[in-house]
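Student: One file is attached below, coords_26.cif, containing mmCIF, C-alpha atoms.
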```
data_my_file
#
loop_
_atom_site.label_atom_id
_atom_site.label_comp_id
_atom_site.auth_asym_id
_atom_site.auth_seq_id
_atom_site.Cartn_x
_atom_site.Cartn_y
_atom_site.Cartn_z
CA MET A 1 9.51 24.94 -2.57
CA PRO A 2 6.81 27.59 -2.23
CA GLY A 3 7.94 30.75 -0.50
CA ASN A 4 4.72 31.61 1.27
CA GLY A 5 1.77 29.92 2.91
CA ASN A 6 1.36 28.04 6.13
CA PRO A 7 4.77 26.96 7.54
CA LEU A 8 3.39 23.55 8.51
CA THR A 9 2.05 23.06 5.00
CA ARG A 10 5.44 23.94 3.51
CA LEU A 11 7.09 21.57 5.94
CA ARG A 12 4.64 18.81 5.05
CA THR A 13 5.36 19.30 1.36
CA ALA A 14 9.12 19.15 1.91
CA ILE A 15 8.95 15.97 4.01
CA THR A 16 6.63 14.37 1.44
CA VAL A 17 9.17 15.17 -1.28
CA PHE A 18 11.92 13.35 0.63
CA PHE A 19 9.70 10.30 1.15
CA ALA A 20 9.03 10.20 -2.60
CA LEU A 21 12.72 10.73 -3.42
CA ASP A 22 13.69 7.80 -1.19
CA GLY A 23 11.28 5.45 -2.95
CA PHE A 24 12.31 6.75 -6.38
CA VAL A 25 16.05 6.28 -5.82
CA PHE A 26 15.74 2.87 -4.18
CA ALA A 27 13.45 1.51 -6.90
CA GLY A 28 15.78 2.86 -9.59
CA TRP A 29 18.63 0.89 -8.06
CA VAL A 30 16.60 -2.30 -7.66
CA VAL A 31 15.61 -2.53 -11.33
CA ARG A 32 19.30 -2.45 -12.35
CA ILE A 33 20.39 -5.30 -10.09
CA PRO A 34 20.35 -7.87 -12.96
CA ALA A 35 22.64 -5.66 -15.04
CA ILE A 36 24.97 -5.09 -12.08
CA LYS A 37 25.09 -8.86 -11.50
CA GLU A 38 26.17 -9.41 -15.09
CA GLN A 39 28.75 -6.63 -14.88
CA THR A 40 30.36 -7.98 -11.73
CA GLY A 41 30.19 -11.61 -12.87
CA ALA A 42 28.82 -12.59 -9.48
CA SER A 43 27.07 -15.88 -8.93
CA ALA A 44 23.59 -15.91 -7.43
CA SER A 45 24.96 -16.74 -3.99
CA ALA A 46 27.70 -14.10 -4.22
CA LEU A 47 25.17 -11.51 -5.31
CA GLY A 48 22.94 -12.46 -2.39
CA LEU A 49 25.80 -11.88 0.01
CA ALA A 50 26.64 -8.56 -1.63
CA LEU A 51 23.03 -7.42 -1.36
CA LEU A 52 23.20 -8.06 2.36
CA GLY A 53 25.38 -4.95 2.44
CA VAL A 54 22.26 -2.83 1.96
CA SER A 55 20.55 -4.59 4.84
CA ALA A 56 23.54 -4.49 7.16
CA GLY A 57 24.24 -0.83 6.50
CA ALA A 58 20.58 0.10 6.95
CA VAL A 59 20.03 -1.80 10.20
CA VAL A 60 23.21 -0.52 11.87
CA THR A 61 22.50 3.07 10.83
CA MET A 62 18.87 2.92 11.92
CA ILE A 63 20.02 2.10 15.42
CA LEU A 64 22.40 5.09 15.49
CA THR A 65 20.28 7.65 13.66
CA GLY A 66 17.91 8.16 16.58
CA ARG A 67 20.81 9.58 18.60
CA LEU A 68 21.95 11.75 15.69
CA CYS A 69 18.43 13.16 15.33
CA ARG A 70 18.30 14.06 19.01
CA ARG A 71 21.68 15.79 18.82
CA TYR A 72 21.52 17.56 15.44
CA GLY A 73 17.79 17.57 14.65
CA ASN A 74 15.91 15.25 12.33
CA HIS A 75 15.65 17.93 9.61
CA ARG A 76 19.42 18.26 9.27
CA VAL A 77 19.93 14.52 9.36
CA THR A 78 17.28 14.06 6.65
CA VAL A 79 19.03 16.48 4.30
CA VAL A 80 22.51 15.03 4.92
CA CYS A 81 21.26 11.46 4.39
CA ALA A 82 19.46 12.52 1.20
CA VAL A 83 22.75 13.83 -0.18
CA LEU A 84 24.56 10.61 0.80
CA LEU A 85 21.78 8.48 -0.70
CA SER A 86 21.91 10.40 -3.97
CA LEU A 87 25.71 10.13 -4.20
CA SER A 88 26.00 6.50 -3.14
CA VAL A 89 23.43 5.17 -5.63
CA ALA A 90 25.95 5.96 -8.41
CA LEU A 91 28.61 3.67 -6.88
CA PRO A 92 27.37 0.11 -7.67
CA PRO A 93 27.96 0.34 -11.46
CA LEU A 94 31.58 1.30 -10.78
CA THR A 95 32.34 -2.05 -9.13
CA HIS A 96 33.62 -5.18 -10.87
CA SER A 97 33.46 -7.79 -8.13
CA ALA A 98 30.92 -9.03 -5.62
CA LEU A 99 33.16 -7.92 -2.74
CA ALA A 100 33.45 -4.36 -4.03
CA LEU A 101 29.71 -4.28 -4.68
CA GLY A 102 28.99 -5.40 -1.12
CA LEU A 103 31.24 -2.66 0.28
CA VAL A 104 29.61 0.17 -1.65
CA LEU A 105 26.18 -1.21 -0.81
CA LEU A 106 27.08 -0.83 2.86
CA VAL A 107 27.35 2.91 2.23
CA PHE A 108 24.14 2.98 0.21
CA GLY A 109 22.32 0.98 2.88
CA ALA A 110 23.59 3.29 5.62
CA ALA A 111 22.21 6.33 3.80
CA TYR A 112 18.92 4.52 3.13
CA GLY A 113 18.49 3.48 6.75
CA GLY A 114 19.46 6.90 8.06
CA ILE A 115 17.04 8.88 5.92
CA ASN A 116 14.19 6.50 6.79
CA VAL A 117 14.57 7.12 10.51
CA ALA A 118 15.17 10.86 10.06
CA PHE A 119 12.21 11.71 7.85
CA ASN A 120 9.88 9.42 9.77
CA SER A 121 10.91 11.29 12.93
CA ALA A 122 10.24 14.59 11.19
CA ALA A 123 6.86 13.29 10.05
CA VAL A 124 5.96 12.19 13.60
CA ASP A 125 6.61 15.72 14.90
CA LEU A 126 4.49 17.20 12.14
CA VAL A 127 1.62 14.75 12.73
CA ALA A 128 1.52 15.78 16.40
CA ALA A 129 1.66 19.49 15.56
CA MET A 130 -1.07 19.32 12.91
CA ARG A 131 -3.26 17.10 15.10
CA ARG A 132 -4.26 15.02 12.08
CA PRO A 133 -3.31 11.39 11.31
CA ILE A 134 -1.49 12.23 8.08
CA MET A 135 1.31 9.66 8.44
CA PRO A 136 -0.08 7.37 5.70
CA SER A 137 0.17 10.19 3.16
CA PHE A 138 3.96 10.30 3.59
CA HIS A 139 4.26 6.56 3.05
CA ALA A 140 1.97 6.88 0.03
CA ALA A 141 4.53 9.30 -1.41
CA PHE A 142 7.24 6.68 -0.85
CA SER A 143 5.13 4.08 -2.67
CA LEU A 144 4.40 6.45 -5.54
CA GLY A 145 8.07 7.38 -5.81
CA GLY A 146 8.96 3.71 -5.95
CA MET A 147 6.41 2.99 -8.67
CA ILE A 148 7.68 5.92 -10.76
CA GLY A 149 11.32 4.95 -10.20
CA ALA A 150 10.71 1.34 -11.18
CA GLY A 151 8.64 2.33 -14.21
CA LEU A 152 11.19 4.81 -15.52
CA GLY A 153 13.97 2.35 -14.80
CA ALA A 154 12.25 -0.30 -16.89
CA LEU A 155 11.79 2.20 -19.75
CA VAL A 156 15.44 3.31 -19.88
CA ALA A 157 17.01 -0.08 -19.12
CA GLY A 158 17.40 -0.85 -22.82
CA SER A 159 18.87 2.50 -23.81
CA LEU A 160 20.96 3.61 -20.81
CA SER A 161 23.79 1.74 -19.17
CA PRO A 162 23.53 1.19 -15.39
CA THR A 163 26.29 3.77 -14.92
CA ARG A 164 24.43 6.50 -16.78
CA HIS A 165 21.05 5.57 -15.32
CA LEU A 166 22.20 5.62 -11.70
CA LEU A 167 24.28 8.74 -12.28
CA LEU A 168 21.08 10.36 -13.54
CA LEU A 169 19.42 9.33 -10.27
CA THR A 170 22.27 11.07 -8.44
CA VAL A 171 21.65 14.28 -10.35
CA VAL A 172 17.89 14.11 -9.75
CA GLY A 173 18.42 13.36 -6.06
CA LEU A 174 20.80 16.27 -5.55
CA LEU A 175 18.51 18.68 -7.41
CA VAL A 176 15.48 17.61 -5.39
CA THR A 177 17.46 17.91 -2.16
CA ALA A 178 18.64 21.38 -3.16
CA GLY A 179 15.03 22.39 -3.78
CA ALA A 180 13.37 20.86 -0.73
CA GLY A 181 16.25 20.86 1.73
CA PRO A 182 16.28 24.60 2.60
CA THR A 183 12.70 24.36 3.86
CA LEU A 184 13.75 21.70 6.36
CA LEU A 185 16.93 23.50 7.35
CA ARG A 186 15.15 26.82 7.96
CA GLN A 187 12.37 25.40 10.12
CA LYS A 188 12.78 23.74 13.48
CA PRO A 189 10.72 20.60 14.14
CA PRO A 190 7.30 21.77 15.35
CA GLU A 191 6.34 21.13 18.95
CA PRO A 192 2.78 20.08 19.74
CA PRO A 193 1.11 22.23 22.42
CA GLU A 194 1.00 19.44 24.97
CA ARG A 195 4.64 18.45 24.63
CA GLU A 196 7.14 20.27 26.79
CA ARG A 197 10.22 21.45 25.01
CA PRO A 198 13.32 20.07 26.76
CA ALA A 199 15.80 22.56 28.13
CA GLU A 200 18.75 23.42 25.96
CA GLY A 201 21.47 20.81 26.42
CA ALA A 202 19.32 18.67 28.70
CA ALA A 203 19.75 14.91 28.56
CA PRO A 204 16.92 13.04 26.80
CA ARG A 205 14.24 11.74 29.10
CA ARG A 206 14.71 8.10 30.03
CA LEU A 207 11.89 5.84 28.99
CA ASP A 208 10.26 3.61 31.56
CA GLY A 209 9.78 -0.10 30.99
CA ARG A 210 6.12 0.31 30.06
CA THR A 211 6.90 2.80 27.32
CA ARG A 212 9.75 0.69 25.96
CA GLY A 213 7.41 -2.27 25.89
CA LEU A 214 4.82 -0.36 23.89
CA VAL A 215 7.44 0.85 21.43
CA LEU A 216 8.52 -2.77 21.00
CA VAL A 217 4.89 -3.75 20.39
CA PHE A 218 4.53 -1.17 17.64
CA GLY A 219 7.83 -2.33 16.19
CA LEU A 220 6.48 -5.88 16.04
CA ILE A 221 3.42 -4.65 14.16
CA ALA A 222 5.74 -2.91 11.69
CA GLY A 223 7.77 -6.10 11.36
CA CYS A 224 4.70 -8.24 10.66
CA THR A 225 3.65 -5.77 7.97
CA ALA A 226 7.06 -5.52 6.30
CA TYR A 227 7.38 -9.32 6.33
CA GLY A 228 4.41 -9.46 3.97
CA GLU A 229 5.80 -6.74 1.72
CA GLY A 230 9.14 -8.51 1.36
CA ALA A 231 7.54 -11.91 0.83
CA LEU A 232 5.19 -10.73 -1.92
CA ALA A 233 7.91 -8.74 -3.66
CA ASP A 234 10.20 -11.77 -3.96
CA TRP A 235 7.80 -14.72 -4.13
CA GLY A 236 4.42 -13.43 -5.29
CA ALA A 237 5.14 -13.64 -9.02
CA LEU A 238 6.83 -17.03 -8.70
CA HIS A 239 3.74 -18.47 -7.00
CA LEU A 240 1.50 -17.27 -9.83
CA GLU A 241 3.82 -18.64 -12.50
CA GLU A 242 4.77 -22.01 -10.99
CA ASP A 243 1.66 -22.95 -9.02
CA LEU A 244 -1.08 -21.38 -11.16
CA GLY A 245 0.53 -21.64 -14.60
CA ALA A 246 0.49 -17.90 -15.31
CA SER A 247 2.66 -16.45 -18.06
CA PRO A 248 5.63 -14.34 -16.96
CA GLY A 249 3.75 -11.17 -17.96
CA ALA A 250 0.63 -12.14 -16.04
CA ALA A 251 2.73 -13.17 -13.04
CA ALA A 252 4.41 -9.77 -13.00
CA ILE A 253 0.99 -8.15 -12.69
CA GLY A 254 0.61 -9.78 -9.26
CA TYR A 255 3.03 -7.52 -7.43
CA SER A 256 1.74 -4.52 -9.39
CA CYS A 257 -1.75 -5.24 -8.04
CA PHE A 258 -0.36 -5.46 -4.52
CA ALA A 259 1.74 -2.28 -4.81
CA LEU A 260 -1.04 -0.26 -6.43
CA ALA A 261 -3.57 -1.36 -3.82
CA MET A 262 -1.14 -0.43 -1.04
CA THR A 263 -0.60 3.01 -2.56
CA VAL A 264 -4.34 3.62 -2.84
CA GLY A 265 -4.79 2.42 0.75
CA ARG A 266 -2.19 4.87 2.00
CA LEU A 267 -3.62 7.76 0.01
CA THR A 268 -6.94 7.20 1.77
CA GLY A 269 -5.30 6.36 5.09
CA THR A 270 -5.77 9.76 6.73
CA THR A 271 -9.52 9.67 6.12
CA LEU A 272 -9.66 6.10 7.39
CA LEU A 273 -7.76 6.97 10.57
CA GLU A 274 -9.94 9.99 11.24
CA ARG A 275 -13.08 7.87 10.97
CA LEU A 276 -11.96 4.64 12.64
CA GLY A 277 -9.05 5.63 14.88
CA ARG A 278 -5.69 3.90 15.07
CA THR A 279 -6.72 0.73 16.88
CA ARG A 280 -9.62 -0.08 14.60
CA THR A 281 -7.50 0.71 11.55
CA VAL A 282 -4.79 -1.71 12.68
CA VAL A 283 -7.26 -4.45 13.59
CA ALA A 284 -9.31 -4.06 10.42
CA GLY A 285 -6.20 -3.78 8.25
CA GLY A 286 -4.57 -6.87 9.74
CA ALA A 287 -7.75 -8.91 9.40
CA THR A 288 -8.26 -7.74 5.81
CA ALA A 289 -4.67 -8.59 4.89
CA ALA A 290 -4.97 -12.03 6.49
CA ALA A 291 -8.11 -12.83 4.50
CA GLY A 292 -6.60 -11.44 1.30
CA MET A 293 -3.39 -13.45 1.63
CA LEU A 294 -5.25 -16.67 2.34
CA LEU A 295 -7.09 -16.09 -0.93
CA GLY A 296 -3.92 -15.06 -2.75
CA SER A 297 -1.91 -18.08 -1.64
CA LEU A 298 -4.55 -20.82 -1.77
CA ALA A 299 -6.88 -19.78 -4.63
CA PRO A 300 -6.85 -22.22 -7.57
CA ALA A 301 -7.48 -19.51 -10.20
CA LEU A 302 -5.23 -16.66 -11.32
CA TRP A 303 -7.92 -13.97 -11.11
CA ALA A 304 -8.73 -14.95 -7.53
CA ALA A 305 -5.07 -14.87 -6.54
CA LEU A 306 -4.66 -11.40 -8.08
CA LEU A 307 -7.71 -10.24 -6.15
CA GLY A 308 -6.18 -11.67 -2.99
CA TYR A 309 -2.93 -9.79 -3.61
CA ALA A 310 -4.85 -6.53 -4.03
CA VAL A 311 -6.88 -7.10 -0.85
CA THR A 312 -3.65 -7.86 1.00
CA GLY A 313 -2.12 -4.59 -0.18
CA ILE A 314 -5.13 -2.59 1.02
CA GLY A 315 -5.02 -4.34 4.39
CA LEU A 316 -1.31 -3.85 5.01
CA ALA A 317 -1.19 -0.30 3.66
CA ASN A 318 -1.56 1.66 6.89
CA LEU A 319 -0.17 -0.72 9.50
CA PHE A 320 3.47 0.33 9.10
CA PRO A 321 2.76 4.11 9.07
CA VAL A 322 0.56 3.83 12.17
CA ALA A 323 3.12 1.70 14.02
CA VAL A 324 6.01 4.07 13.27
CA GLU A 325 3.94 7.15 14.14
CA ARG A 326 2.85 5.72 17.50
CA ALA A 327 6.39 4.58 18.35
CA GLY A 328 7.70 8.05 17.53
CA ALA A 329 4.98 9.76 19.55
CA LEU A 330 5.95 7.66 22.57
CA ALA A 331 9.74 7.79 22.34
CA GLY A 332 10.77 10.33 19.69
CA PRO A 333 13.52 9.46 17.20
CA SER A 334 14.58 6.47 19.32
CA GLY A 335 11.09 5.02 19.00
CA VAL A 336 11.11 5.58 15.25
CA ALA A 337 14.53 3.92 15.05
CA MET A 338 13.39 0.86 17.00
CA ALA A 339 10.16 0.45 15.03
CA SER A 340 11.95 0.99 11.71
CA THR A 341 14.67 -1.49 12.60
CA LEU A 342 12.14 -4.16 13.54
CA GLY A 343 10.11 -3.36 10.45
CA TYR A 344 13.12 -3.56 8.16
CA GLY A 345 14.12 -6.78 9.92
CA GLY A 346 10.73 -8.22 9.05
CA MET A 347 11.22 -7.29 5.41
CA LEU A 348 14.62 -9.02 5.43
CA LEU A 349 13.29 -12.10 7.22
CA GLY A 350 10.32 -12.59 4.90
CA PRO A 351 11.97 -13.74 1.64
CA PRO A 352 14.41 -16.30 3.12
CA ALA A 353 11.78 -17.60 5.56
CA ILE A 354 9.35 -18.15 2.69
CA GLY A 355 12.10 -19.96 0.78
CA PHE A 356 12.84 -22.38 3.60
CA MET A 357 9.16 -23.09 4.22
CA ALA A 358 8.58 -23.60 0.50
CA ASP A 359 11.28 -26.30 0.50
CA TRP A 360 9.80 -27.95 3.59
CA PHE A 361 6.16 -27.76 2.55
CA SER A 362 5.11 -25.84 -0.58
CA LEU A 363 5.17 -22.25 -1.77
CA PRO A 364 1.40 -21.71 -1.30
CA ALA A 365 1.66 -23.06 2.25
CA ALA A 366 4.68 -20.84 2.91
CA LEU A 367 2.83 -17.73 1.73
CA THR A 368 0.10 -18.35 4.27
CA SER A 369 2.66 -17.20 6.88
CA VAL A 370 1.98 -13.67 5.59
CA ALA A 371 -1.68 -14.12 6.55
CA ILE A 372 -0.70 -15.49 9.95
CA LEU A 373 1.55 -12.53 10.77
CA ALA A 374 -1.07 -10.05 9.54
CA ALA A 375 -3.51 -11.67 11.94
CA VAL A 376 -0.86 -11.45 14.68
CA ALA A 377 -0.52 -7.69 14.00
CA ALA A 378 -4.28 -7.27 14.28
CA THR A 379 -4.33 -9.26 17.52
CA ILE A 380 -1.48 -7.23 19.02
CA GLY A 381 -3.23 -4.00 18.07
CA PHE A 382 -6.45 -5.11 19.73
CA ALA A 383 -4.78 -6.53 22.84
CA THR A 384 -2.80 -3.33 23.52
CA ARG A 385 -5.56 -0.86 22.70
CA GLY A 386 -6.03 0.28 26.30
CA ALA A 387 -2.33 0.69 27.07
CA ALA A 388 -1.68 2.53 23.79
CA ALA A 389 -4.54 4.95 24.50
CA ARG A 390 -3.22 5.74 27.97
#
```
If you convert what's in this file into structure tokens, what do you get?

Tutor:
Amino acid sequence: MPGNGNPLTRLRTAITVFFALDGFVFAGWVVRIPAIKEQTGASASALGLALLGVSAGAVVTMILTGRLCRRYGNHRVTVVCAVLLSLSVALPPLTHSALALGLVLLVFGAAYGGINVAFNSAAVDLVAAMRRPIMPSFHAAFSLGGMIGAGLGALVAGSLSPTRHLLLLTVVGLLVTAGAGPTLLRQKPPEPPERERPAEGAAPRRLDGRTRGLVLVFGLIAGCTAYGEGALADWGALHLEEDLGASPGAAAIGYSCFALAMTVGRLTGTTLLERLGRTRTVVAGGATAAAGMLLGSLAPALWAALLGYAVTGIGLANLFPVAVERAGALAGPSGVAMASTLGYGGMLLGPPAIGFMADWFSLPAALTSVAILAAVAATIGFATRGAAAR
């Protein structure tokens, strides 16, 4: 990390690095799941149960991390969770059964959930101190890290075993943490001028029902957004291949279009928020995503579906960052934890919900639920605009 310059700029750089590291490590693990499945000899159903370990560990830890951040500081918790994430990603290739895989994924999921709450809390403090809506830039770093991690993973999959590949991720993660971590550990979370610093050892302020309700609202917006991300990640390519007759290569481009559009949307998110404000950004983003997903799920031609996926990515790009930032501004780390938990829950709910609806109706009809929830997010954002402003 640079040794001079504006402290807030150094802090922003360090937090951005941890967002990118999180996406890089997680994507590197995801691309090796097929190889881990073969190594453990797990059936599809057994693998599905083992993968729930990531979800269970993340959700439980997200609930607890808000308290840890209040007690020890979100900077310290971010660094500790980064170390745990880097170490635990090397564990899955060492397992030889679905049960053992599920147990180590609990640890990996706990680290993943913890660092997400911690660095989002750190980002919320920095957004308030800098008085600029820069939250989307952090999530853009996560998306970019994920794209790089997945791309490199695909390149080395044929030459490196899962053990060596994920051990390499451990080394990279620890080196990055050693480089960026001291900046977080040296600097206390910045306090915005209008926020009163609580007295040393004072109990955290209790939130009234109105504030809790607003945090829940922002969490629902995050959940609606993450539902779409999870659904497109797991079912987007299958829709293009089975319903539109695309080749496997062309079908794989679908999620790439979505992910790239979301990254571009987040890179331009700060400018968009400065010009439109949070409410208009949420409403416009939800409406855009709803229109894009209707096109992506119901279009009869491949090119139109790909266009719909891209439009959906642009629309959803900034909803989750805005929701988490507003929840954190209202309730600190606890707000971030609640919004992140609901958001992650939406990502978990999306794929199985799409599967059930596809069996009952059809996959195109099931994917329209992404459009419906995007519209719900836009409606919630518009309906609560006055309360959120106050």

Student: Please write the residues picked by the PyMOL selection byres ((chain A and resi 68) around 12) on this file as a compact mmCIF listing (two decimals) with C-alpha atoms, in the coordinates of the input.

Tutor:
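Result saved to expr.txt:
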```
# COMPACT_ATOMS: atom_id res chain seq x y z
CA THR A 61 22.50 3.07 10.83
CA MET A 62 18.87 2.92 11.92
CA ILE A 63 20.02 2.10 15.42
CA LEU A 64 22.40 5.09 15.49
CA THR A 65 20.28 7.65 13.66
CA GLY A 66 17.91 8.16 16.58
CA ARG A 67 20.81 9.58 18.60
CA CYS A 69 18.43 13.16 15.33
CA ARG A 70 18.30 14.06 19.01
CA ARG A 71 21.68 15.79 18.82
CA TYR A 72 21.52 17.56 15.44
CA GLY A 73 17.79 17.57 14.65
CA ASN A 74 15.91 15.25 12.33
CA HIS A 75 15.65 17.93 9.61
CA ARG A 76 19.42 18.26 9.27
CA VAL A 77 19.93 14.52 9.36
CA THR A 78 17.28 14.06 6.65
CA VAL A 80 22.51 15.03 4.92
CA CYS A 81 21.26 11.46 4.39
CA GLY A 114 19.46 6.90 8.06
CA ILE A 115 17.04 8.88 5.92
CA VAL A 117 14.57 7.12 10.51
CA ALA A 118 15.17 10.86 10.06
CA SER A 121 10.91 11.29 12.93
CA GLY A 332 10.77 10.33 19.69
CA PRO A 333 13.52 9.46 17.20
CA SER A 334 14.58 6.47 19.32
CA ALA A 337 14.53 3.92 15.05
```

Student: For a test of reading the model, state the distance in Å between atom CA of Leu8 of chain A and atom CA of Phe24 of chain A, rounded to one decimal.

Tutor: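 One can read the atom CA of Leu8 of chain A to atom CA of Phe24 of chain A distance as 24.2 Å.
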
Student: Write out as a Markdown table a residue-level contact list of segment 232-318 of chain A versus segment 135-159 of chain A with cut-off 7 Å: for each qualifying residue the closest pair of atoms and the distance in Å to one decimal, counting all atoms listed in the file, rows sorted by chain and residue number upward.

Tutor:
```
| residue | atom | partner | partner_atom | distance |
| --- | --- | --- | --- | --- |
| A:Thr263 | CA | A:Ala140 | CA | 5.3 |
| A:Arg266 | CA | A:Pro136 | CA | 4.9 |
| A:Leu267 | CA | A:Ser137 | CA | 5.5 |
| A:Gly269 | CA | A:Pro136 | CA | 5.4 |
| A:Thr270 | CA | A:Pro136 | CA | 6.3 |
| A:Asn318 | CA | A:Pro136 | CA | 6.0 |
```

Student: Write out as a list in words the residues lying within 10 Å of Phe356 of chain A, counting only C-alpha atoms and excluding same-chain residues fewer than 6 positions away.

Tutor: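 Final neighbour list, sorted by chain and number: Ser362, Leu363 and Ala366 of chain A.
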
Student: In Å to one decimal, how far is atom CA of Ser97 of chain A from atom CA of Ser43 of chain A?

Tutor: 10.3 Å

Student: Would you mind telling me which residue in A:Ala251, A:Ala365, A:Leu348, A:Ala371 lies nearest to Ala56 of chain A when using all atoms listed in the file?

Tutor: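 Distance minimum relative to Ala56 of chain A lands on A:Leu348.
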
Student: Please indicate the distance in Å from atom CA of Gly265 of chain A to atom CA of Met338 of chain A, rounded to one decimal place.

Tutor: 24.4 Å

Student: As a check of understanding, name the residues that the PyMOL selection byres ((chain A and resi 310) around 6) selects in the supplied structure, as a ChimeraX atom specification.

Tutor: /A:257-258,261,307-309,311-313

Student: So which residues touch segment 175-189 of chain A within 6 Å, counting all atoms listed in the file, skipping near sequence neighbours fewer than 3 positions away, as a PyMOL selection string?

Tutor: chain A and resi 1+14+75+79+172

Student: Save the residues we just selected, C-alpha atoms, as a PDB file, keeping the file's coordinate frame?

Tutor:
```pdb
ATOM      1  CA  MET A   1       9.510  24.940  -2.570  1.00  0.00           C
ATOM      2  CA  ALA A  14       9.120  19.150   1.910  1.00  0.00           C
ATOM      3  CA  HIS A  75      15.650  17.930   9.610  1.00  0.00           C
ATOM      4  CA  VAL A  79      19.030  16.480   4.300  1.00  0.00           C
ATOM      5  CA  VAL A 172      17.890  14.110  -9.750  1.00  0.00           C
TER       6      VAL A 172
END
```

Student: Go ahead and find all residues with at least one atom no further than 12 Å from (-6.6, -6.2, 17.3) in the file's coordinates, using all atoms listed in the file; report them as a PyMOL selection string.

Tutor: chain A and resi 221+278-288+319+374-386+388

Student: Just say which residues the PyMOL selection byres ((chain A and resi 341) around 9) picks in this file, as an MDAnalysis selection string.

Tutor: chainID A and resid 58:60 62:63 113 117 219 223 336:340 342:346

Student: With C-alpha atoms kept, could you save the residues just selected as a compact mmCIF listing (two decimals), in the coordinates of the input?

Tutor:
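File part17.txt, as written:
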```txt
# COMPACT_ATOMS: atom_id res chain seq x y z
CA ALA A 58 20.58 0.10 6.95
CA VAL A 59 20.03 -1.80 10.20
CA VAL A 60 23.21 -0.52 11.87
CA MET A 62 18.87 2.92 11.92
CA ILE A 63 20.02 2.10 15.42
CA GLY A 113 18.49 3.48 6.75
CA VAL A 117 14.57 7.12 10.51
CA GLY A 219 7.83 -2.33 16.19
CA GLY A 223 7.77 -6.10 11.36
CA VAL A 336 11.11 5.58 15.25
CA ALA A 337 14.53 3.92 15.05
CA MET A 338 13.39 0.86 17.00
CA ALA A 339 10.16 0.45 15.03
CA SER A 340 11.95 0.99 11.71
CA LEU A 342 12.14 -4.16 13.54
CA GLY A 343 10.11 -3.36 10.45
CA TYR A 344 13.12 -3.56 8.16
CA GLY A 345 14.12 -6.78 9.92
CA GLY A 346 10.73 -8.22 9.05
```

Student: Using all atoms listed in the file for the distances, tell me which of A:Arg326, A:Met347, A:Gly102, A:Ala358 is nearest to Thr211 of chain A.

Tutor: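 Ranked by minimum distance to Thr211 of chain A, first place goes to A:Arg326.
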
Student: Which polymer residues have any atom within 12 Å of an atom of Lys37 of chain A, counting only C-alpha atoms, with same-chain residues fewer than 4 positions away left out, as number ranges by chain?

Tutor: A: 30-33, 41-51, 92-93, 95-99, 101-102, 162
